[in-house]
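Undergrad: This is data14.cif (mmCIF, C-alpha atoms).
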```
data_model
#
loop_
_atom_site.label_atom_id
_atom_site.label_comp_id
_atom_site.auth_asym_id
_atom_site.auth_seq_id
_atom_site.Cartn_x
_atom_site.Cartn_y
_atom_site.Cartn_z
CA MET R 6 39.60 41.80 -18.86
CA THR R 7 38.70 40.61 -22.37
CA ARG R 8 35.32 39.07 -23.19
CA LYS R 9 36.89 35.62 -23.55
CA ASN R 10 38.65 35.92 -20.19
CA LEU R 11 35.39 37.11 -18.63
CA GLY R 12 33.67 33.97 -19.90
CA ARG R 13 36.46 31.76 -18.57
CA ALA R 14 36.42 33.54 -15.20
CA THR R 15 32.65 33.11 -14.99
CA LEU R 16 32.86 29.38 -15.71
CA ALA R 17 35.61 29.01 -13.10
CA ALA R 18 33.78 30.98 -10.41
CA LEU R 19 30.27 29.65 -11.04
CA PRO R 20 30.56 26.25 -9.27
CA PHE R 21 32.04 27.82 -6.13
CA VAL R 22 29.36 30.53 -6.05
CA LEU R 23 26.60 27.93 -6.46
CA ALA R 24 28.14 25.64 -3.84
CA PHE R 25 28.50 28.52 -1.36
CA LEU R 26 24.88 29.60 -1.90
CA VAL R 27 23.58 26.04 -1.45
CA ASP R 28 25.43 25.63 1.85
CA LEU R 29 24.38 29.12 2.99
CA VAL R 30 20.70 28.44 2.26
CA LEU R 31 20.96 25.05 3.98
CA PHE R 32 22.50 26.60 7.10
CA LEU R 33 19.90 29.39 7.31
CA THR R 34 17.08 26.89 6.77
CA ILE R 35 18.07 24.49 9.54
CA GLU R 36 19.90 26.88 11.89
CA ASP R 37 17.17 26.65 14.55
CA ARG R 38 17.47 22.86 14.56
CA LEU R 39 21.23 22.78 15.11
CA PRO R 40 22.77 22.37 18.57
CA THR R 41 24.86 25.14 20.09
CA ARG R 42 27.95 22.93 19.84
CA LEU R 43 28.33 21.09 16.53
CA ALA R 44 30.12 17.82 16.03
CA GLY R 45 32.94 19.09 13.83
CA HIS R 46 35.55 16.31 13.80
CA PHE R 47 35.13 12.58 13.25
CA ASP R 48 37.43 9.57 13.44
CA VAL R 49 37.88 6.96 10.70
CA SER R 50 34.80 5.03 11.86
CA GLY R 51 32.61 8.14 11.60
CA ASP R 52 32.24 8.67 15.36
CA VAL R 53 32.57 12.21 16.63
CA ASN R 54 35.78 13.09 18.48
CA GLY R 55 35.64 16.89 18.44
CA TYR R 56 33.11 19.69 18.87
CA VAL R 57 33.01 23.34 17.85
CA ASP R 58 30.54 26.08 18.70
CA ARG R 59 28.22 27.27 15.95
CA ILE R 60 29.81 30.69 15.44
CA THR R 61 33.32 29.24 15.16
CA TYR R 62 32.06 26.66 12.68
CA VAL R 63 30.64 29.38 10.45
CA LEU R 64 33.79 31.53 10.68
CA VAL R 65 36.00 28.56 9.76
CA THR R 66 33.93 26.99 6.98
CA ALA R 67 32.35 30.06 5.33
CA PRO R 68 35.58 31.27 3.62
CA VAL R 69 36.52 27.83 2.23
CA LEU R 70 34.51 27.93 -1.00
CA PRO R 71 35.02 31.67 -1.76
CA VAL R 72 38.80 31.39 -1.26
CA LEU R 73 39.03 28.26 -3.41
CA GLY R 74 36.93 29.99 -6.05
CA ALA R 75 39.17 33.06 -6.09
CA VAL R 76 42.29 30.89 -6.50
CA TRP R 77 40.64 28.91 -9.31
CA VAL R 78 39.64 32.06 -11.19
CA LEU R 79 43.20 33.35 -10.86
CA MET R 80 44.61 30.10 -12.26
CA VAL R 81 42.14 30.04 -15.16
CA VAL R 82 42.65 33.67 -16.19
CA ARG R 83 46.36 34.19 -15.45
CA GLY R 84 47.71 30.67 -15.13
CA ARG R 85 49.26 30.24 -18.61
CA ILE R 86 47.35 26.98 -19.05
CA TYR R 87 46.26 26.21 -22.59
CA GLY R 88 44.14 23.94 -24.76
CA ARG R 89 42.86 20.69 -23.26
CA ALA R 90 44.67 21.37 -19.96
CA HIS R 91 42.66 24.60 -19.61
CA ARG R 92 39.36 22.72 -19.98
CA LEU R 93 40.55 20.11 -17.47
CA LEU R 94 41.34 22.90 -15.00
CA ILE R 95 37.80 24.29 -15.30
CA GLY R 96 36.31 20.81 -14.94
CA GLY R 97 38.50 20.21 -11.92
CA GLY R 98 37.14 23.36 -10.29
CA TRP R 99 33.59 22.09 -10.68
CA ALA R 100 34.61 18.77 -9.12
CA VAL R 101 36.37 20.43 -6.16
CA ALA R 102 33.42 22.76 -5.51
CA ALA R 103 30.92 19.87 -5.56
CA PHE R 104 33.05 17.76 -3.21
CA PHE R 105 33.44 20.48 -0.59
CA GLN R 106 29.82 21.59 -0.89
CA TYR R 107 28.58 18.09 -0.17
CA VAL R 108 30.98 17.45 2.72
CA LEU R 109 30.19 20.79 4.40
CA GLY R 110 26.47 20.29 3.87
CA ALA R 111 26.60 16.72 5.17
CA MET R 112 28.31 17.92 8.36
CA LEU R 113 25.33 20.16 8.99
CA ILE R 114 22.83 17.39 8.25
CA VAL R 115 24.42 14.92 10.67
CA ASN R 116 24.07 17.56 13.41
CA LEU R 117 20.40 18.14 12.66
CA ASP R 118 18.21 17.90 15.81
CA ALA R 119 21.14 16.60 17.89
CA PRO R 120 20.49 17.79 21.48
CA ASP R 121 23.17 19.73 23.35
CA GLY R 122 24.93 17.30 25.63
CA GLY R 123 22.92 14.43 24.14
CA PRO R 124 23.93 11.48 21.97
CA ALA R 125 26.86 12.28 19.69
CA ALA R 126 26.33 12.74 15.97
CA THR R 127 27.98 10.35 13.57
CA PHE R 128 29.31 10.87 10.05
CA PRO R 129 28.66 7.67 8.04
CA LEU R 130 31.51 7.02 5.63
CA TRP R 131 29.09 6.58 2.72
CA HIS R 132 28.91 10.37 2.71
CA LEU R 133 32.47 10.44 1.36
CA ALA R 134 31.50 8.05 -1.44
CA VAL R 135 28.59 10.30 -2.36
CA ALA R 136 30.89 13.34 -2.23
CA PHE R 137 33.29 11.72 -4.69
CA GLY R 138 30.37 10.75 -6.92
CA ALA R 139 29.11 14.33 -6.88
CA ALA R 140 32.62 15.52 -7.75
CA VAL R 141 32.80 13.20 -10.77
CA LEU R 142 29.37 14.30 -12.01
CA ALA R 143 30.10 17.99 -11.51
CA GLY R 144 33.52 17.62 -13.13
CA GLY R 145 31.88 16.16 -16.22
CA ILE R 146 29.42 19.05 -16.37
CA GLY R 147 32.31 21.50 -16.02
CA LEU R 148 34.18 19.85 -18.91
CA LEU R 149 31.12 20.15 -21.14
CA LEU R 150 30.56 23.79 -20.22
CA ALA R 151 34.25 24.58 -20.78
CA ARG R 152 33.72 23.85 -24.46
CA LEU R 153 31.46 26.90 -24.68
CA VAL R 154 34.48 29.20 -24.32
CA PRO R 155 37.50 28.79 -26.63
CA ALA R 156 40.52 27.67 -24.65
CA PRO R 157 43.59 29.94 -24.88
CA GLN R 158 46.33 28.67 -27.17
CA ASP R 159 49.94 28.27 -26.11
CA PRO R 160 52.01 30.99 -27.84
CA ASP R 161 55.09 28.74 -27.66
CA ALA R 162 53.38 25.69 -29.19
CA GLY R 163 54.57 26.44 -32.73
CA ARG R 164 57.82 28.05 -31.75
CA ASP R 165 60.94 26.50 -33.26
CA PRO R 166 63.18 25.00 -30.54
CA ALA R 167 66.12 26.53 -32.41
CA ASP R 168 64.89 29.99 -31.39
CA ARG R 169 65.87 29.41 -27.76
CA ARG R 170 69.13 30.73 -26.37
CA ARG R 171 72.10 28.37 -26.16
CA ILE R 172 75.58 28.32 -24.62
CA PRO R 173 78.25 27.47 -27.23
CA LEU R 174 80.37 24.44 -26.33
CA ALA R 175 83.29 23.02 -28.26
CA ASP R 176 83.24 19.39 -29.34
CA GLY R 177 84.07 17.23 -26.37
CA GLU R 178 83.68 20.10 -23.92
CA VAL R 179 81.75 19.16 -20.79
CA ALA R 180 79.61 21.63 -18.86
CA GLY R 181 77.17 21.61 -15.96
CA TRP R 182 75.14 24.15 -14.02
CA ALA R 183 73.81 24.00 -10.46
CA ARG R 184 72.00 26.32 -8.07
CA THR R 185 70.38 25.94 -4.67
CA THR R 186 67.20 27.85 -3.92
CA GLY R 187 64.47 28.12 -1.31
CA SER R 188 62.33 30.48 0.75
CA TRP R 189 62.74 31.41 4.41
CA TRP R 190 59.23 30.24 5.32
CA LEU R 191 59.51 26.74 3.80
CA PRO R 192 61.42 25.17 6.73
CA LEU R 193 59.07 26.89 9.18
CA GLY R 194 56.00 25.58 7.37
CA ALA R 195 57.48 22.08 7.23
CA LEU R 196 58.18 22.08 10.98
CA VAL R 197 54.59 23.20 11.62
CA LEU R 198 53.33 20.23 9.59
CA VAL R 199 55.58 17.87 11.54
CA ALA R 200 54.27 19.26 14.83
CA VAL R 201 50.65 18.98 13.67
CA GLY R 202 51.23 15.40 12.54
CA VAL R 203 52.79 14.38 15.86
CA GLY R 204 50.05 16.19 17.79
CA ALA R 205 47.28 14.56 15.75
CA GLY R 206 48.90 11.15 16.13
CA TYR R 207 49.13 11.31 19.92
CA GLY R 208 46.02 13.39 20.50
CA ALA R 209 43.61 11.73 18.07
CA THR R 210 44.72 8.94 15.74
CA TRP R 211 47.83 8.06 13.76
CA PHE R 212 45.55 7.34 10.80
CA ILE R 213 45.42 11.13 10.44
CA GLY R 214 48.71 12.05 12.11
CA ALA R 215 50.97 9.74 10.10
CA PRO R 216 50.17 11.19 6.64
CA VAL R 217 50.55 14.75 7.95
CA LEU R 218 53.86 13.83 9.62
CA LEU R 219 55.11 12.19 6.41
CA LEU R 220 54.09 15.26 4.40
CA GLY R 221 55.91 17.51 6.88
CA LEU R 222 59.11 15.45 6.68
CA LEU R 223 58.97 15.45 2.88
CA ALA R 224 58.41 19.22 2.87
CA LEU R 225 61.35 19.65 5.26
CA THR R 226 63.54 17.59 2.92
CA PHE R 227 62.70 19.94 0.05
CA SER R 228 62.83 23.17 2.05
CA ARG R 229 66.07 23.81 0.13
CA VAL R 230 66.01 22.69 -3.50
CA HIS R 231 69.15 21.81 -5.47
CA VAL R 232 68.72 22.23 -9.24
CA THR R 233 71.23 20.70 -11.68
CA VAL R 234 71.57 20.81 -15.47
CA ASP R 235 74.06 18.34 -16.94
CA ARG R 236 74.34 15.44 -19.39
CA ARG R 237 71.57 13.61 -17.49
CA GLY R 238 69.04 16.40 -18.02
CA LEU R 239 67.24 18.61 -15.48
CA THR R 240 67.46 17.24 -11.93
CA VAL R 241 65.82 18.55 -8.76
CA SER R 242 66.78 17.18 -5.34
CA GLY R 243 66.35 18.18 -1.72
CA LEU R 244 68.53 18.08 1.37
CA LEU R 245 68.86 14.28 1.06
CA PRO R 246 70.13 12.24 -1.91
CA ARG R 247 66.69 10.68 -2.25
CA PRO R 248 64.06 11.30 -3.42
CA TRP R 249 64.96 13.29 -6.51
CA PHE R 250 63.13 14.21 -9.69
CA GLN R 251 64.66 14.22 -13.14
CA VAL R 252 63.60 15.08 -16.69
CA PRO R 253 66.08 13.27 -19.02
CA LEU R 254 67.45 15.07 -22.07
CA GLU R 255 65.71 12.70 -24.48
CA ARG R 256 62.31 13.76 -23.13
CA ILE R 257 62.95 17.51 -23.46
CA GLU R 258 62.00 19.44 -26.57
CA ALA R 259 63.28 22.86 -25.44
CA ALA R 260 63.79 24.96 -22.33
CA ASP R 261 62.90 28.56 -21.50
CA SER R 262 63.59 30.98 -18.69
CA ARG R 263 60.53 32.96 -17.65
CA ARG R 264 58.76 34.35 -14.63
CA VAL R 265 56.32 32.01 -12.86
CA ASP R 266 53.41 33.09 -10.66
CA ALA R 267 53.16 30.44 -7.93
CA VAL R 268 49.45 30.91 -7.18
CA ALA R 269 48.11 31.77 -10.64
CA GLU R 270 49.98 29.04 -12.51
CA PHE R 271 50.35 26.29 -9.92
CA GLY R 272 47.85 27.08 -7.18
CA GLY R 273 50.50 27.34 -4.46
CA TRP R 274 53.99 26.26 -3.46
CA GLY R 275 55.88 22.97 -3.24
CA TYR R 276 55.70 20.05 -5.66
CA ARG R 277 52.71 20.89 -7.81
CA ILE R 278 50.83 18.86 -10.41
CA ARG R 279 48.45 20.70 -12.70
CA PRO R 280 46.85 19.95 -16.07
CA GLY R 281 49.65 20.19 -18.63
CA ARG R 282 52.41 20.97 -16.15
CA THR R 283 54.37 19.86 -13.11
CA GLY R 284 56.77 21.89 -11.03
CA PHE R 285 58.86 22.52 -7.94
CA ILE R 286 57.68 25.97 -6.92
CA VAL R 287 59.35 27.55 -3.90
CA ARG R 288 58.34 31.14 -4.74
CA SER R 289 57.10 33.35 -7.53
CA GLY R 290 59.89 34.50 -9.82
CA GLU R 291 62.22 33.31 -12.54
CA ALA R 292 62.17 29.63 -13.40
CA ILE R 293 63.53 27.04 -15.81
CA VAL R 294 60.58 25.69 -17.80
CA ALA R 295 61.36 22.50 -19.74
CA ARG R 296 58.84 21.65 -22.45
CA GLN R 297 58.64 17.89 -22.92
CA ARG R 298 57.94 16.14 -26.21
CA GLY R 299 54.31 15.46 -25.32
CA GLY R 300 53.74 19.16 -24.64
CA ARG R 301 53.78 18.88 -20.85
CA GLU R 302 55.94 21.38 -18.97
CA PHE R 303 58.20 20.88 -15.97
CA ALA R 304 59.11 24.07 -14.10
CA VAL R 305 61.43 24.81 -11.21
CA THR R 306 61.87 28.28 -9.73
CA VAL R 307 65.55 29.08 -9.34
CA GLU R 308 67.93 32.02 -9.65
CA ASP R 309 69.98 32.46 -12.85
CA SER R 310 67.41 30.38 -14.71
CA ALA R 311 68.40 31.93 -18.06
CA THR R 312 71.85 30.31 -17.88
CA GLY R 313 70.43 26.96 -16.81
CA ALA R 314 67.83 26.97 -19.61
CA ALA R 315 70.41 27.96 -22.23
CA LEU R 316 72.79 25.15 -21.22
CA LEU R 317 69.88 22.70 -21.16
CA ASN R 318 69.04 23.61 -24.78
CA THR R 319 72.67 23.06 -25.78
CA LEU R 320 72.75 19.65 -24.12
CA VAL R 321 69.42 18.67 -25.71
CA ASP R 322 70.90 19.51 -29.14
CA ARG R 323 73.94 17.39 -28.39
CA ASN R 324 71.79 14.49 -27.27
CA ARG R 325 69.81 14.61 -30.51
CA ALA R 326 72.98 14.67 -32.56
CA GLY R 327 74.29 11.68 -30.61
CA ARG R 328 77.41 13.47 -29.40
#
```
Translate this structure into structure tokens?
TA:
Amino acid sequence: MTRKNLGRATLAALPFVLAFLVDLVLFLTIEDRLPTRLAGHFDVSGDVNGYVDRITYVLVTAPVLPVLGAVWVLMVVRGRIYGRAHRLLIGGGWAVAAFFQYVLGAMLIVNLDAPDGGPAATFPLWHLAVAFGAAVLAGGIGLLLARLVPAPQDPDAGRDPADRRRIPLADGEVAGWARTTGSWWLPLGALVLVAVGVGAGYGATWFIGAPVLLLGLLALTFSRVHVTVDRRGLTVSGLLPRPWFQVPLERIEAADSRRVDAVAEFGGWGYRIRPGRTGFIVRSGEAIVARQRGGREFAVTVEDSATGAALLNTLVDRNRAGR
């Protein structure tokens, strides 16, 4: 790892390390004043509706900040994120760490001195407002600190769009390209989300269950992704005609085919929004990456991406020439 990458990794990891240490010290300090069973789940009014024993609580919550920190470091060091977007990513890590640190700490505080089998703890909703405020403050600090380390520069920023591969087409010749892609675990994961949403709706409240159910249905719709390149641009759709996502030709500067790391570059799978980029990521592997005129990228992982990117470049040239 280079010295610059070491500095970037340190800035990315630091908020999660600090947040973990604060929560660890808090837990060790007040452990003797916590009940054996902690109030661990609350409804929308802040009243407790679920308990968990102390050991289970520690086993579930302790990995949250370290795992998030590891993912953030991976995205910062290997995520191919450049310039201002790179600084925003670091600032976002500080905001996420502060938010989770406060929420996890507040859950311990509301259980403080609560007797076993006694009156239930409550989680006042103003805690969430404070958590968001802490996230904004920490995010600002992260943005300032990110200026201490030069952000990596995009190697393709000055590259001539004419350098990209194209597919020759005769005047008046029409061409299109389409592929369908997916991963075996996407439908399974979507069905799990649907089941969790239904279970939460009937077992607790639809205020929580409905969003999870909607997310599961949307994930199920895009468990198989259909990618098309034609005179309209780059289009991504799911199993149903709607919704679909499209980048029109007039907004595209150039397209490339390259390998995408789902975790390092996008922080996971599905429809992902990150500083400087958006994408439909169903796996790690080859992808069409369309660079838009403002510098933002749109990526979709799909087989035979080299052919799709080459045709997209040809159609972008035609659109510019008004043919």
Undergrad: Can you measure CA of Gly204 in chain R to CA of Gly187 in chain R for me? One decimal in Å is fine.
TA: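 Between these atoms lies a distance of 26.7 Å.
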Undergrad: Nearest to Leu130 in chain R among R:Leu16, R:Leu150, R:Val108, R:Leu191, with distances taken over all atoms listed in the file: which residue is it?
TA: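 Using all atoms listed in the file, the shortest distance to Leu130 in chain R belongs to R:Val108.
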Undergrad: Which residues match the PyMOL selection byres ((chain R and resi 84) around 8) in the file above, as a list in words?
TA: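 Here the PyMOL selection byres ((chain R and resi 84) around 8) matches Leu79, Met80, Val81, Val82, Arg83, Arg85, Ile86, Asp266, Ala269, Glu270 and Phe271 of chain R.
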Undergrad: Could you tell me which residues the PyMOL selection byres ((chain R and resi 114) around 10) returns for this structure, as an mmCIF file with C-alpha atoms, in the coordinates of the input?
TA:
```
data_model
loop_
_atom_site.group_PDB
_atom_site.id
_atom_site.type_symbol
_atom_site.label_atom_id
_atom_site.label_comp_id
_atom_site.auth_asym_id
_atom_site.auth_seq_id
_atom_site.Cartn_x
_atom_site.Cartn_y
_atom_site.Cartn_z
ATOM 1 C CA LEU R 31 20.960 25.050 3.980
ATOM 2 C CA PHE R 32 22.500 26.600 7.100
ATOM 3 C CA ILE R 35 18.070 24.490 9.540
ATOM 4 C CA ARG R 38 17.470 22.860 14.560
ATOM 5 C CA LEU R 39 21.230 22.780 15.110
ATOM 6 C CA VAL R 108 30.980 17.450 2.720
ATOM 7 C CA LEU R 109 30.190 20.790 4.400
ATOM 8 C CA GLY R 110 26.470 20.290 3.870
ATOM 9 C CA ALA R 111 26.600 16.720 5.170
ATOM 10 C CA MET R 112 28.310 17.920 8.360
ATOM 11 C CA LEU R 113 25.330 20.160 8.990
ATOM 12 C CA VAL R 115 24.420 14.920 10.670
ATOM 13 C CA ASN R 116 24.070 17.560 13.410
ATOM 14 C CA LEU R 117 20.400 18.140 12.660
ATOM 15 C CA ASP R 118 18.210 17.900 15.810
ATOM 16 C CA ALA R 119 21.140 16.600 17.890
ATOM 17 C CA ALA R 126 26.330 12.740 15.970
ATOM 18 C CA PHE R 128 29.310 10.870 10.050
#
```
Undergrad: May I ask for the distance between CA of Tyr87 in chain R and CA of Ala156 in chain R, given in Å to one decimal place?
TA: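 Computed distance, CA of Tyr87 in chain R to CA of Ala156 in chain R, equals 6.3 Å.
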Undergrad: Please write the residues picked by the PyMOL selection byres ((chain R and resi 107) around 9) on this file as a list in words.
TA: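 Evaluating the PyMOL selection byres ((chain R and resi 107) around 9) on this file yields Ala24, Asp28, Ala102, Ala103, Phe104, Phe105, Gln106, Val108, Leu109, Gly110, Ala111, Met112, His132, Leu133, Val135, Ala136, Ala139 and Ala140 of chain R.
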Undergrad: Distance cut-off 12 Å, centre (32.9, 28.9, 5.4) in file coordinates, counting all atoms listed in the file: which residues qualify? Return them as an MDAnalysis selection string.
TA: chainID R and resid 21 24:29 32 59:73 105:106 108:110
Undergrad: Provide the CA of Ser262 in chain R to CA of Thr306 in chain R distance in Å, to one decimal place.
TA: 9.5 Å
Undergrad: Hey, which of R:Leu254, R:Ala295, R:Ile146, R:Val57 ends up closest to Gly45 in chain R? Count only C-alpha atoms.
TA: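 With only C-alpha atoms as the atom set, the closest residue is R:Val57.
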Undergrad: Using only C-alpha atoms, find the one residue out of R:Val197, R:Trp182, R:Trp274, R:Leu220 that sits nearest to Ala311 in chain R.
TA: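 Under the stated criterion, the closest residue is R:Trp182.
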Undergrad: Which residues are close to Tyr276 in chain R, i.e. within 12 Å by all atoms listed in the file, leaving aside same-chain residues fewer than 6 positions away? Reply as a ChimeraX atom specification.
TA: /R:220,223-224,226-228,230,241-243,249-250,267,282-288,303-306
Undergrad: Restrict the selected residues to C-alpha atoms and save them as a PDB file, in the coordinates of the input.
TA:
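again_15.pdb written:
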```pdb
ATOM      1  CA  LEU R 220      54.090  15.260   4.400  1.00  0.00           C
ATOM      2  CA  LEU R 223      58.970  15.450   2.880  1.00  0.00           C
ATOM      3  CA  ALA R 224      58.410  19.220   2.870  1.00  0.00           C
ATOM      4  CA  THR R 226      63.540  17.590   2.920  1.00  0.00           C
ATOM      5  CA  PHE R 227      62.700  19.940   0.050  1.00  0.00           C
ATOM      6  CA  SER R 228      62.830  23.170   2.050  1.00  0.00           C
ATOM      7  CA  VAL R 230      66.010  22.690  -3.500  1.00  0.00           C
ATOM      8  CA  VAL R 241      65.820  18.550  -8.760  1.00  0.00           C
ATOM      9  CA  SER R 242      66.780  17.180  -5.340  1.00  0.00           C
ATOM     10  CA  GLY R 243      66.350  18.180  -1.720  1.00  0.00           C
ATOM     11  CA  TRP R 249      64.960  13.290  -6.510  1.00  0.00           C
ATOM     12  CA  PHE R 250      63.130  14.210  -9.690  1.00  0.00           C
ATOM     13  CA  ALA R 267      53.160  30.440  -7.930  1.00  0.00           C
ATOM     14  CA  ARG R 282      52.410  20.970 -16.150  1.00  0.00           C
ATOM     15  CA  THR R 283      54.370  19.860 -13.110  1.00  0.00           C
ATOM     16  CA  GLY R 284      56.770  21.890 -11.030  1.00  0.00           C
ATOM     17  CA  PHE R 285      58.860  22.520  -7.940  1.00  0.00           C
ATOM     18  CA  ILE R 286      57.680  25.970  -6.920  1.00  0.00           C
ATOM     19  CA  VAL R 287      59.350  27.550  -3.900  1.00  0.00           C
ATOM     20  CA  ARG R 288      58.340  31.140  -4.740  1.00  0.00           C
ATOM     21  CA  PHE R 303      58.200  20.880 -15.970  1.00  0.00           C
ATOM     22  CA  ALA R 304      59.110  24.070 -14.100  1.00  0.00           C
ATOM     23  CA  VAL R 305      61.430  24.810 -11.210  1.00  0.00           C
ATOM     24  CA  THR R 306      61.870  28.280  -9.730  1.00  0.00           C
TER      25      THR R 306
END
```
Undergrad: Given the choices R:Ile257, R:Leu239, R:Leu244, R:Leu218, which gets closest to Leu196 in chain R if the distance is worked out from only C-alpha atoms?
TA: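 Looking only at the distances to Leu196 in chain R, the closest residue turns out to be R:Leu218.
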Undergrad: With all atoms listed in the file as the atoms that count, which of R:Val30, R:Val321, R:Ala75, R:Leu142 lies nearest to Val268 in chain R?
TA: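 Using all atoms listed in the file, the shortest distance to Val268 in chain R belongs to R:Ala75.
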Undergrad: Write out as a list in words which residues come within 9 Å of Val234 in chain R when counting only C-alpha atoms, dropping same-chain ones fewer than 2 positions away.
TA: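 So the residues in contact are Ala180, Gly181, Trp182, Ala183, Val232, Arg236, Arg237, Gly238, Leu239, Thr240, Gly313, Ala314, Leu316, Leu317 and Leu320 of chain R.
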Undergrad: Please produce a file of those selected residues containing C-alpha atoms, as an mmCIF file, in the coordinates of the input.
TA:
```cif
data_model
loop_
_atom_site.group_PDB
_atom_site.id
_atom_site.type_symbol
_atom_site.label_atom_id
_atom_site.label_comp_id
_atom_site.auth_asym_id
_atom_site.auth_seq_id
_atom_site.Cartn_x
_atom_site.Cartn_y
_atom_site.Cartn_z
ATOM 1 C CA ALA R 180 79.610 21.630 -18.860
ATOM 2 C CA GLY R 181 77.170 21.610 -15.960
ATOM 3 C CA TRP R 182 75.140 24.150 -14.020
ATOM 4 C CA ALA R 183 73.810 24.000 -10.460
ATOM 5 C CA VAL R 232 68.720 22.230 -9.240
ATOM 6 C CA ARG R 236 74.340 15.440 -19.390
ATOM 7 C CA ARG R 237 71.570 13.610 -17.490
ATOM 8 C CA GLY R 238 69.040 16.400 -18.020
ATOM 9 C CA LEU R 239 67.240 18.610 -15.480
ATOM 10 C CA THR R 240 67.460 17.240 -11.930
ATOM 11 C CA GLY R 313 70.430 26.960 -16.810
ATOM 12 C CA ALA R 314 67.830 26.970 -19.610
ATOM 13 C CA LEU R 316 72.790 25.150 -21.220
ATOM 14 C CA LEU R 317 69.880 22.700 -21.160
ATOM 15 C CA LEU R 320 72.750 19.650 -24.120
#
```
Undergrad: Set the distance at 12 Å and use all atoms listed in the file: which residues neighbour Thr15 in chain R once local chain neighbours fewer than 4 positions away are removed? I'd like the list as a compact mmCIF listing (two decimals) with C-alpha atoms, in the frame of the given file.
TA:
```
# COMPACT_ATOMS: atom_id res chain seq x y z
CA MET R 6 39.60 41.80 -18.86
CA ARG R 8 35.32 39.07 -23.19
CA LYS R 9 36.89 35.62 -23.55
CA ASN R 10 38.65 35.92 -20.19
CA LEU R 11 35.39 37.11 -18.63
CA LEU R 19 30.27 29.65 -11.04
CA PRO R 20 30.56 26.25 -9.27
CA PHE R 21 32.04 27.82 -6.13
CA VAL R 22 29.36 30.53 -6.05
CA LEU R 23 26.60 27.93 -6.46
CA GLY R 74 36.93 29.99 -6.05
CA ALA R 75 39.17 33.06 -6.09
CA TRP R 77 40.64 28.91 -9.31
CA VAL R 78 39.64 32.06 -11.19
CA LEU R 79 43.20 33.35 -10.86
CA VAL R 81 42.14 30.04 -15.16
CA VAL R 82 42.65 33.67 -16.19
CA ILE R 95 37.80 24.29 -15.30
CA GLY R 98 37.14 23.36 -10.29
CA TRP R 99 33.59 22.09 -10.68
CA GLY R 147 32.31 21.50 -16.02
CA LEU R 150 30.56 23.79 -20.22
CA ALA R 151 34.25 24.58 -20.78
CA LEU R 153 31.46 26.90 -24.68
CA VAL R 154 34.48 29.20 -24.32
```
Undergrad: With all atoms listed in the file as the counted atoms, please give the residues lying no more than 9 Å from Thr185 in chain R, apart from itself and same-chain residues fewer than 5 positions off, as a PyMOL selection string.
TA: chain R and resi 229-233+307-308
